[in-house]
Amino acid sequence: MRYAMVIDTLKCVGCSDCVVACQTENNVPQGYCRDWVTESVNGVYPSIVLELKSERCNHCSNAPCVRCCPTGASHTVAGGIVMVTADECIGCGACIESCPYDARFQHPEGHVDKCTFCHHRTAKGQLPACVSVCPTKCMYFGDLDDPTSQVSKLLKSRTHKVLAPEAGTKPHVYYLT
Amino acid sequence: MQEEIIISGRNLPNIDPVLEVWHFPISLYLFLGGLAAGIMFFAALFTLLNKEKEFPATVKYAMLVVPIALSIGLAALFYDLTHKLYVWRLYTTIRIESPMSWGAWVLLIITILSFLWVFSYFKEMFPEWHWKFNFLNKLESYLIKNRKSMAMVLLPLSIILGIYTGILLSAFNARPLWNNAILGPLFLISGLSTGAATILLLSKSHYERNMISKIDILLIAIELFLIIHMLMGMSAGSEVQIEALKVIVDGEFTVMFFVFVVILGLIFPALLESIELMGYKIPMAIPAILILIGGLIFRMVMVEAGQITRYLY
């Protein structure tokens, strides 16, 4: 099993519903967020392209945060999801420094916090909160090892990219372009 | 021509707009750890070469600085943790792929050894001193007999500690300025040089100062070579490394780096030491203090500047 998220940048309208859903579902403290929306404009007028992306932890196969964690608080669980055990975390900040996506932050209680792909929901067969609320249905979640899953089919049929592949992290949030 | 505007709704404390997770305490620790590693390296080396008599300040008074420096360094590291109560988790596991994990173990062992070393020389430094408990006297005579064994352990551990201060940063490929293989050796040489500067400050023996001063000039030459090597390697690197290099060569840290680290912290003190060796009278404290200040600013620049550099996507 290899969980992945596929996000259609052509359907995303940048409403930030995914951000709010995550904050509500995961009780993220005020002023913090585990996912966020970026908006980029490429090109020179009149030929410009707008791209909206909902970003979060990429649950990398070669996760630098897991490698550099001195206590093993950052670890990978079944399905390739990168998790943090709060009471093993000493708050050294090494994983925050190591993440090319800046997806981790220091929780006000001291430990490090980040997206879990809604592990508590997916374990019960539900979709992550962000995916389930998306009003344009531009986000997909599933198992890449299963060739019949929606995410596998989308990656086979559409052009896609990942963020900073040159960082060598093998990320698992894909963007359809 | 292509223009890109990125607007993000995110505003995480210490992360946006630029990463600032590691602060001055980390730079201070990297400096003190390197300095302690330098002094211990020389003390262990001269002990193994049977030269304790010729280098009294190295094996005694400078070594007195080591446990103090390491304790302040450890306190600084602890201060910068955000989940402090769980610090013991560092010592329930060893993770080879995490430099911070084995670094924490080396730091623990070396701090204990440095205290034992100073303990074994304490009565030689302060002849009036008497230990109140008998077991301390027994421990003392045991340690005095085993100084060579302690030196044999300290020599490799001090090199590991010195390199570790650099590898800690170079292990993060997300920060292109740090992510180069030269940083480990560079921090080791810089640590040895600041250690030598501390010995120069404390030494009263002419022979010792002369020898340490010669070694220090060589170390500074190697350090300058490694800095040039690092800058060359990055300028020939990928886009992210070229962007990272700009922070040092053509950005907000340029003056700090070239004036305070390269010129005032390396070239000028090396010149003063050379002039002194030629027979002119120059108080050794001037180059020594310049080297120490340069070493601290070098770490501050690397820690601060490294956190601004990142992958562009």
# chains A, B, ... in the order shown; residues from 1 in each chain; ligands from 1
$ residues_around --residues "Val18 (chain B)" --least-positions-apart "4" --cutoff "12 Å" --atoms "only C-alpha atoms" --output "PDB file with C-alpha atoms, in the first residue's frame"
ATOM      1  CA  GLU A  97      15.310  22.529   8.804  1.00  0.00           C
ATOM      2  CA  ASP A 102       8.584  23.830   4.965  1.00  0.00           C
TER       3      ASP A 102
ATOM      4  CA  ARG B  10       0.430  30.731   5.132  1.00  0.00           C
ATOM      5  CA  ASN B  11       2.027  32.602   8.000  1.00  0.00           C
ATOM      6  CA  LEU B  12       3.586  30.064  10.346  1.00  0.00           C
ATOM      7  CA  PRO B  13       5.610  31.479  13.271  1.00  0.00           C
ATOM      8  CA  ASN B  14       9.424  31.127  12.763  1.00  0.00           C
ATOM      9  CA  TRP B  22      17.570  27.885  14.895  1.00  0.00           C
ATOM     10  CA  ARG B 175      19.142  24.289   2.885  1.00  0.00           C
ATOM     11  CA  GLU B 304      21.466  32.513   9.846  1.00  0.00           C
ATOM     12  CA  ALA B 305      22.312  32.599   6.123  1.00  0.00           C
ATOM     13  CA  GLY B 306      21.713  28.869   5.638  1.00  0.00           C
ATOM     14  CA  GLN B 307      18.138  29.188   6.837  1.00  0.00           C
ATOM     15  CA  ILE B 308      17.287  31.802   4.188  1.00  0.00           C
ATOM     16  CA  THR B 309      18.439  29.514   1.375  1.00  0.00           C
ATOM     17  CA  ARG B 310      15.942  27.006   0.016  1.00  0.00           C
TER      18      ARG B 310
END
$ select_by_dssp --residues "chain A" --states "strand (DSSP E)" --output "PyMOL selection string"
chain A and resi 3-8+36-44+47-55+74-77+81-84+105-106+112-113+139-143+160-161+173-176
$ write_last_selection --atoms "N, CA and C atoms" --output "short mmCIF file (atom, residue, chain, number, x, y, z; two decimals), in the first residue's frame"
data_model
loop_
_atom_site.label_atom_id
_atom_site.label_comp_id
_atom_site.auth_asym_id
_atom_site.auth_seq_id
_atom_site.Cartn_x
_atom_site.Cartn_y
_atom_site.Cartn_z
N TYR A 3 -0.03 5.27 -0.05
CA TYR A 3 -1.00 6.36 -0.17
C TYR A 3 -0.40 7.53 -0.94
N ALA A 4 -1.24 8.19 -1.72
CA ALA A 4 -0.81 9.39 -2.44
C ALA A 4 -2.00 10.32 -2.60
N MET A 5 -1.69 11.59 -2.82
CA MET A 5 -2.74 12.56 -3.07
C MET A 5 -2.50 13.15 -4.46
N VAL A 6 -3.56 13.29 -5.21
CA VAL A 6 -3.47 13.90 -6.54
C VAL A 6 -4.36 15.12 -6.54
N ILE A 7 -3.80 16.27 -6.96
CA ILE A 7 -4.55 17.52 -6.94
C ILE A 7 -4.57 18.13 -8.33
N ASP A 8 -5.76 18.42 -8.81
CA ASP A 8 -5.92 18.96 -10.16
C ASP A 8 -5.80 20.48 -10.11
N TRP A 36 -1.95 24.56 3.01
CA TRP A 36 -2.07 25.96 2.61
C TRP A 36 -2.20 26.02 1.10
N VAL A 37 -2.63 27.18 0.60
CA VAL A 37 -2.83 27.32 -0.84
C VAL A 37 -1.83 28.34 -1.39
N THR A 38 -1.13 27.97 -2.47
CA THR A 38 -0.23 28.93 -3.11
C THR A 38 -0.80 29.31 -4.47
N GLU A 39 -0.47 30.52 -4.86
CA GLU A 39 -1.01 31.06 -6.09
C GLU A 39 0.17 31.62 -6.86
N SER A 40 0.42 31.13 -8.06
CA SER A 40 1.56 31.67 -8.81
C SER A 40 1.13 32.07 -10.20
N VAL A 41 1.71 33.18 -10.66
CA VAL A 41 1.42 33.67 -12.00
C VAL A 41 2.71 33.58 -12.80
N ASN A 42 2.67 32.85 -13.89
CA ASN A 42 3.85 32.66 -14.71
C ASN A 42 3.68 33.31 -16.07
N GLY A 43 4.79 33.83 -16.59
CA GLY A 43 4.77 34.39 -17.94
C GLY A 43 4.71 35.91 -17.94
N VAL A 44 4.61 36.48 -19.15
CA VAL A 44 4.57 37.92 -19.32
C VAL A 44 3.26 38.26 -20.01
N SER A 47 0.44 36.74 -22.25
CA SER A 47 0.37 35.27 -22.14
C SER A 47 0.78 34.84 -20.74
N ILE A 48 -0.12 34.94 -19.80
CA ILE A 48 0.19 34.55 -18.44
C ILE A 48 -0.69 33.38 -18.00
N VAL A 49 -0.13 32.58 -17.11
CA VAL A 49 -0.85 31.40 -16.62
C VAL A 49 -0.93 31.47 -15.09
N LEU A 50 -2.12 31.28 -14.58
CA LEU A 50 -2.31 31.27 -13.13
C LEU A 50 -2.39 29.83 -12.66
N GLU A 51 -1.65 29.52 -11.61
CA GLU A 51 -1.72 28.16 -11.08
C GLU A 51 -2.00 28.22 -9.58
N LEU A 52 -3.00 27.45 -9.16
CA LEU A 52 -3.35 27.39 -7.74
C LEU A 52 -3.03 26.00 -7.25
N LYS A 53 -2.40 25.93 -6.10
CA LYS A 53 -2.03 24.62 -5.56
C LYS A 53 -2.34 24.55 -4.08
N SER A 54 -2.99 23.47 -3.68
CA SER A 54 -3.17 23.20 -2.25
C SER A 54 -1.97 22.34 -1.84
N GLU A 55 -1.12 22.89 -0.92
CA GLU A 55 0.11 22.19 -0.56
C GLU A 55 0.06 21.71 0.89
N SER A 74 9.87 11.19 14.42
CA SER A 74 9.37 11.21 13.04
C SER A 74 9.60 9.84 12.45
N HIS A 75 8.55 9.22 11.97
CA HIS A 75 8.68 7.87 11.44
C HIS A 75 7.65 7.65 10.34
N THR A 76 7.84 6.56 9.58
CA THR A 76 6.92 6.25 8.49
C THR A 76 6.06 5.07 8.91
N VAL A 77 4.75 5.16 8.72
CA VAL A 77 3.85 4.05 9.05
C VAL A 77 3.31 3.42 7.77
N ILE A 81 2.86 6.87 5.14
CA ILE A 81 2.51 8.13 5.79
C ILE A 81 3.58 8.47 6.83
N VAL A 82 4.09 9.73 6.77
CA VAL A 82 5.09 10.18 7.73
C VAL A 82 4.36 10.78 8.94
N MET A 83 4.65 10.23 10.12
CA MET A 83 3.95 10.66 11.35
C MET A 83 4.95 11.18 12.37
N VAL A 84 4.47 11.97 13.34
CA VAL A 84 5.30 12.45 14.45
C VAL A 84 4.67 11.99 15.76
N PHE A 105 5.90 22.53 11.46
CA PHE A 105 5.98 23.71 12.31
C PHE A 105 6.02 23.28 13.78
N GLN A 106 6.43 24.23 14.62
CA GLN A 106 6.46 23.95 16.05
C GLN A 106 5.10 24.25 16.65
N VAL A 112 6.70 19.01 17.32
CA VAL A 112 6.52 19.36 15.91
C VAL A 112 5.20 18.78 15.42
N ASP A 113 4.55 19.51 14.52
CA ASP A 113 3.26 19.07 14.01
C ASP A 113 3.24 19.22 12.49
N MET A 139 -9.39 17.33 -5.57
CA MET A 139 -8.41 16.54 -4.84
C MET A 139 -8.83 15.08 -4.80
N TYR A 140 -7.83 14.20 -4.96
CA TYR A 140 -8.09 12.76 -4.96
C TYR A 140 -7.10 12.10 -4.00
N PHE A 141 -7.53 11.04 -3.35
CA PHE A 141 -6.67 10.34 -2.40
C PHE A 141 -6.84 8.84 -2.62
N GLY A 142 -5.74 8.10 -2.59
CA GLY A 142 -5.88 6.66 -2.78
C GLY A 142 -4.55 5.95 -2.73
N ASP A 143 -4.58 4.68 -3.19
CA ASP A 143 -3.43 3.78 -3.09
C ASP A 143 -2.76 3.67 -4.46
N HIS A 160 1.47 15.35 -15.11
CA HIS A 160 1.52 15.75 -13.71
C HIS A 160 2.93 16.09 -13.30
N LYS A 161 3.06 16.69 -12.11
CA LYS A 161 4.38 17.04 -11.59
C LYS A 161 4.36 16.88 -10.08
N VAL A 173 2.66 13.83 -3.18
CA VAL A 173 1.51 14.67 -3.52
C VAL A 173 1.75 15.11 -4.95
N TYR A 174 0.85 14.70 -5.85
CA TYR A 174 1.04 14.95 -7.28
C TYR A 174 0.10 16.05 -7.72
N TYR A 175 0.57 16.89 -8.69
CA TYR A 175 -0.25 17.97 -9.21
C TYR A 175 -0.51 17.74 -10.69
N LEU A 176 -1.78 17.61 -11.06
CA LEU A 176 -2.16 17.48 -12.47
C LEU A 176 -2.06 18.85 -13.12
#
$ closest_residue --among "B:Ala37, B:Ala244, B:Leu64, B:Val21" --to "Thr82 (chain B)" --atoms "only C-alpha atoms"
B:Val21
$ select_by_dssp --residues "chain A" --states "helix (DSSP H, G or I)" --output "VMD selection string"
chain A and resid 17 to 25 64 to 68 86 to 88 94 to 98 119 to 122 129 to 133 150 to 157 165 to 167
$ write_last_selection --atoms "N, CA and C atoms" --output "compact mmCIF listing (two decimals), in the first residue's frame"
# COMPACT_ATOMS: atom_id res chain seq x y z
N ASP A 17 -10.87 26.07 1.37
CA ASP A 17 -11.75 25.21 2.17
C ASP A 17 -10.95 24.05 2.78
N CYS A 18 -9.99 23.54 2.02
CA CYS A 18 -9.14 22.44 2.51
C CYS A 18 -8.38 22.86 3.76
N VAL A 19 -7.95 24.13 3.79
CA VAL A 19 -7.19 24.64 4.93
C VAL A 19 -8.08 24.67 6.17
N VAL A 20 -9.26 25.21 6.01
CA VAL A 20 -10.18 25.34 7.14
C VAL A 20 -10.65 23.96 7.63
N ALA A 21 -10.94 23.05 6.66
CA ALA A 21 -11.38 21.71 7.04
C ALA A 21 -10.32 21.00 7.87
N CYS A 22 -9.05 21.17 7.47
CA CYS A 22 -7.94 20.54 8.20
C CYS A 22 -7.83 21.12 9.59
N GLN A 23 -7.91 22.45 9.69
CA GLN A 23 -7.78 23.10 11.00
C GLN A 23 -8.88 22.63 11.95
N THR A 24 -10.09 22.45 11.40
CA THR A 24 -11.22 22.02 12.22
C THR A 24 -11.07 20.55 12.61
N GLU A 25 -10.78 19.70 11.62
CA GLU A 25 -10.70 18.27 11.85
C GLU A 25 -9.58 17.91 12.82
N PRO A 64 13.59 13.31 4.35
CA PRO A 64 14.74 13.81 5.10
C PRO A 64 14.41 14.03 6.58
N CYS A 65 13.14 14.33 6.88
CA CYS A 65 12.75 14.59 8.27
C CYS A 65 12.86 13.32 9.11
N VAL A 66 12.53 12.18 8.51
CA VAL A 66 12.62 10.90 9.22
C VAL A 66 14.09 10.54 9.42
N ARG A 67 14.90 10.82 8.36
CA ARG A 67 16.32 10.48 8.43
C ARG A 67 17.02 11.27 9.53
N CYS A 68 16.71 12.57 9.66
CA CYS A 68 17.52 13.39 10.57
C CYS A 68 16.96 13.45 11.98
N ALA A 86 4.28 12.81 19.37
CA ALA A 86 4.53 14.04 20.13
C ALA A 86 5.38 13.79 21.37
N ASP A 87 5.15 12.67 22.10
CA ASP A 87 5.91 12.50 23.34
C ASP A 87 7.27 11.83 23.14
N GLU A 88 7.72 11.71 21.86
CA GLU A 88 9.11 11.34 21.61
C GLU A 88 9.88 12.53 21.04
N ALA A 94 15.32 19.96 13.92
CA ALA A 94 16.10 19.39 12.81
C ALA A 94 15.20 19.03 11.63
N CYS A 95 14.01 18.47 11.90
CA CYS A 95 13.12 18.06 10.81
C CYS A 95 12.58 19.27 10.06
N ILE A 96 12.37 20.39 10.80
CA ILE A 96 11.86 21.60 10.15
C ILE A 96 12.92 22.12 9.19
N GLU A 97 14.20 22.09 9.65
CA GLU A 97 15.31 22.53 8.80
C GLU A 97 15.45 21.63 7.58
N SER A 98 15.11 20.33 7.74
CA SER A 98 15.41 19.37 6.69
C SER A 98 14.33 19.31 5.61
N HIS A 119 -4.59 10.40 9.12
CA HIS A 119 -4.39 8.98 9.39
C HIS A 119 -5.56 8.36 10.16
N HIS A 120 -6.14 9.15 11.11
CA HIS A 120 -7.25 8.64 11.92
C HIS A 120 -8.50 8.39 11.08
N ARG A 121 -8.63 9.13 9.98
CA ARG A 121 -9.80 8.93 9.11
C ARG A 121 -9.54 7.84 8.07
N THR A 122 -8.35 7.88 7.46
CA THR A 122 -8.07 6.92 6.39
C THR A 122 -8.02 5.49 6.94
N ALA A 129 -9.75 14.94 5.52
CA ALA A 129 -10.73 16.02 5.64
C ALA A 129 -10.67 16.98 4.46
N CYS A 130 -9.44 17.37 4.04
CA CYS A 130 -9.30 18.34 2.96
C CYS A 130 -9.92 17.82 1.67
N VAL A 131 -9.68 16.52 1.38
CA VAL A 131 -10.20 15.93 0.15
C VAL A 131 -11.73 15.88 0.20
N SER A 132 -12.26 15.50 1.37
CA SER A 132 -13.70 15.28 1.46
C SER A 132 -14.52 16.56 1.32
N VAL A 133 -13.91 17.74 1.67
CA VAL A 133 -14.71 18.97 1.61
C VAL A 133 -14.54 19.75 0.31
N GLN A 150 -8.39 5.43 -8.28
CA GLN A 150 -8.59 6.67 -9.03
C GLN A 150 -7.26 7.43 -9.20
N VAL A 151 -6.44 7.45 -8.14
CA VAL A 151 -5.17 8.19 -8.24
C VAL A 151 -4.25 7.55 -9.28
N SER A 152 -4.18 6.21 -9.32
CA SER A 152 -3.32 5.54 -10.31
C SER A 152 -3.79 5.85 -11.72
N LYS A 153 -5.12 5.81 -11.92
CA LYS A 153 -5.67 6.06 -13.26
C LYS A 153 -5.39 7.51 -13.70
N LEU A 154 -5.55 8.46 -12.77
CA LEU A 154 -5.32 9.86 -13.11
C LEU A 154 -3.87 10.10 -13.50
N LEU A 155 -2.94 9.48 -12.74
CA LEU A 155 -1.52 9.69 -13.04
C LEU A 155 -1.13 9.03 -14.36
N LYS A 156 -1.88 7.99 -14.74
CA LYS A 156 -1.60 7.34 -16.03
C LYS A 156 -2.11 8.19 -17.19
N SER A 157 -3.27 8.85 -16.99
CA SER A 157 -3.91 9.53 -18.12
C SER A 157 -3.57 11.01 -18.22
N PRO A 165 11.31 17.97 -7.30
CA PRO A 165 11.79 16.59 -7.42
C PRO A 165 13.31 16.51 -7.30
N GLU A 166 13.99 17.64 -7.63
CA GLU A 166 15.46 17.66 -7.57
C GLU A 166 15.99 17.56 -6.14
N ALA A 167 15.10 17.73 -5.16
CA ALA A 167 15.54 17.56 -3.77
C ALA A 167 15.71 16.09 -3.41
$ interface_residues --of "chain B" --to "chain A" --cutoff "7 Å" --atoms "only C-alpha atoms" --output "number ranges by chain"
B: 2-10, 12, 21, 81-84, 86-87, 89-90, 93, 95, 97-101, 172-174, 310-311, 313
$ atom_distance --atom1 "CA of Leu116 (chain B)" --atom2 "CA of Met211 (chain B)"
26.5 Å
$ atom_distance --atom1 "CA of Ile163 (chain B)" --atom2 "CA of Ala181 (chain B)"
10.8 Å
$ closest_residue --among "B:Glu223, B:Asp80, B:Glu52, B:Glu124" --to "Pro185 (chain B)" --atoms "only C-alpha atoms"
B:Glu223
$ atom_distance --atom1 "CA of Met1 (chain A)" --atom2 "CA of Ala123 (chain A)"
12.3 Å
$ decode --residues "region 9-75 of chain B" --atoms "C-alpha atoms" --output "PDB file, in the first residue's frame"
ATOM      1  CA  GLY B   9      -1.909  32.360   2.632  1.00  0.00           C
ATOM      2  CA  ARG B  10       0.430  30.731   5.132  1.00  0.00           C
ATOM      3  CA  ASN B  11       2.027  32.602   8.000  1.00  0.00           C
ATOM      4  CA  LEU B  12       3.586  30.064  10.346  1.00  0.00           C
ATOM      5  CA  PRO B  13       5.610  31.479  13.271  1.00  0.00           C
ATOM      6  CA  ASN B  14       9.424  31.127  12.763  1.00  0.00           C
ATOM      7  CA  ILE B  15       8.903  29.691   9.255  1.00  0.00           C
ATOM      8  CA  ASP B  16       7.263  32.399   7.138  1.00  0.00           C
ATOM      9  CA  PRO B  17       8.457  34.528   5.426  1.00  0.00           C
ATOM     10  CA  VAL B  18      11.943  33.099   6.100  1.00  0.00           C
ATOM     11  CA  LEU B  19      12.894  30.117   8.200  1.00  0.00           C
ATOM     12  CA  GLU B  20      14.213  31.080  11.639  1.00  0.00           C
ATOM     13  CA  VAL B  21      13.960  27.920  13.711  1.00  0.00           C
ATOM     14  CA  TRP B  22      17.570  27.885  14.895  1.00  0.00           C
ATOM     15  CA  HIS B  23      18.767  31.005  16.652  1.00  0.00           C
ATOM     16  CA  PHE B  24      21.895  32.369  18.322  1.00  0.00           C
ATOM     17  CA  PRO B  25      22.162  29.529  20.935  1.00  0.00           C
ATOM     18  CA  ILE B  26      22.830  27.053  18.100  1.00  0.00           C
ATOM     19  CA  SER B  27      25.611  29.258  16.671  1.00  0.00           C
ATOM     20  CA  LEU B  28      27.045  29.662  20.182  1.00  0.00           C
ATOM     21  CA  TYR B  29      27.020  25.890  20.705  1.00  0.00           C
ATOM     22  CA  LEU B  30      28.661  25.227  17.303  1.00  0.00           C
ATOM     23  CA  PHE B  31      31.383  27.735  18.264  1.00  0.00           C
ATOM     24  CA  LEU B  32      31.962  26.386  21.797  1.00  0.00           C
ATOM     25  CA  GLY B  33      31.803  22.747  20.610  1.00  0.00           C
ATOM     26  CA  GLY B  34      34.425  23.443  17.935  1.00  0.00           C
ATOM     27  CA  LEU B  35      36.624  25.357  20.384  1.00  0.00           C
ATOM     28  CA  ALA B  36      36.403  22.561  22.981  1.00  0.00           C
ATOM     29  CA  ALA B  37      37.145  19.945  20.298  1.00  0.00           C
ATOM     30  CA  GLY B  38      40.221  21.959  19.243  1.00  0.00           C
ATOM     31  CA  ILE B  39      41.671  22.241  22.763  1.00  0.00           C
ATOM     32  CA  MET B  40      40.985  18.548  23.500  1.00  0.00           C
ATOM     33  CA  PHE B  41      42.611  17.513  20.222  1.00  0.00           C
ATOM     34  CA  PHE B  42      45.845  19.343  21.084  1.00  0.00           C
ATOM     35  CA  ALA B  43      45.833  18.205  24.729  1.00  0.00           C
ATOM     36  CA  ALA B  44      45.299  14.546  23.735  1.00  0.00           C
ATOM     37  CA  LEU B  45      47.861  14.767  20.913  1.00  0.00           C
ATOM     38  CA  PHE B  46      50.632  16.266  23.082  1.00  0.00           C
ATOM     39  CA  THR B  47      49.900  13.766  25.851  1.00  0.00           C
ATOM     40  CA  LEU B  48      50.255  10.842  23.451  1.00  0.00           C
ATOM     41  CA  LEU B  49      53.509  12.380  22.127  1.00  0.00           C
ATOM     42  CA  ASN B  50      54.824  12.667  25.742  1.00  0.00           C
ATOM     43  CA  LYS B  51      55.080  16.452  25.429  1.00  0.00           C
ATOM     44  CA  GLU B  52      52.979  17.448  28.493  1.00  0.00           C
ATOM     45  CA  LYS B  53      55.992  19.288  30.001  1.00  0.00           C
ATOM     46  CA  GLU B  54      56.512  21.416  26.879  1.00  0.00           C
ATOM     47  CA  PHE B  55      52.812  22.282  26.551  1.00  0.00           C
ATOM     48  CA  PRO B  56      51.625  23.014  30.120  1.00  0.00           C
ATOM     49  CA  ALA B  57      48.859  25.468  29.187  1.00  0.00           C
ATOM     50  CA  THR B  58      47.432  23.065  26.588  1.00  0.00           C
ATOM     51  CA  VAL B  59      47.049  20.046  28.846  1.00  0.00           C
ATOM     52  CA  LYS B  60      46.081  22.009  31.999  1.00  0.00           C
ATOM     53  CA  TYR B  61      44.766  25.578  31.843  1.00  0.00           C
ATOM     54  CA  ALA B  62      43.198  25.447  28.367  1.00  0.00           C
ATOM     55  CA  MET B  63      41.591  22.107  29.275  1.00  0.00           C
ATOM     56  CA  LEU B  64      39.985  23.904  32.215  1.00  0.00           C
ATOM     57  CA  VAL B  65      38.035  25.915  29.613  1.00  0.00           C
ATOM     58  CA  VAL B  66      36.687  22.751  27.925  1.00  0.00           C
ATOM     59  CA  PRO B  67      34.149  21.476  30.496  1.00  0.00           C
ATOM     60  CA  ILE B  68      32.954  25.062  31.016  1.00  0.00           C
ATOM     61  CA  ALA B  69      32.569  25.632  27.259  1.00  0.00           C
ATOM     62  CA  LEU B  70      30.831  22.280  26.763  1.00  0.00           C
ATOM     63  CA  SER B  71      28.466  22.930  29.688  1.00  0.00           C
ATOM     64  CA  ILE B  72      27.517  26.360  28.335  1.00  0.00           C
ATOM     65  CA  GLY B  73      27.118  24.797  24.876  1.00  0.00           C
ATOM     66  CA  LEU B  74      24.869  22.033  26.196  1.00  0.00           C
ATOM     67  CA  ALA B  75      22.810  24.590  28.132  1.00  0.00           C
TER      68      ALA B  75
END
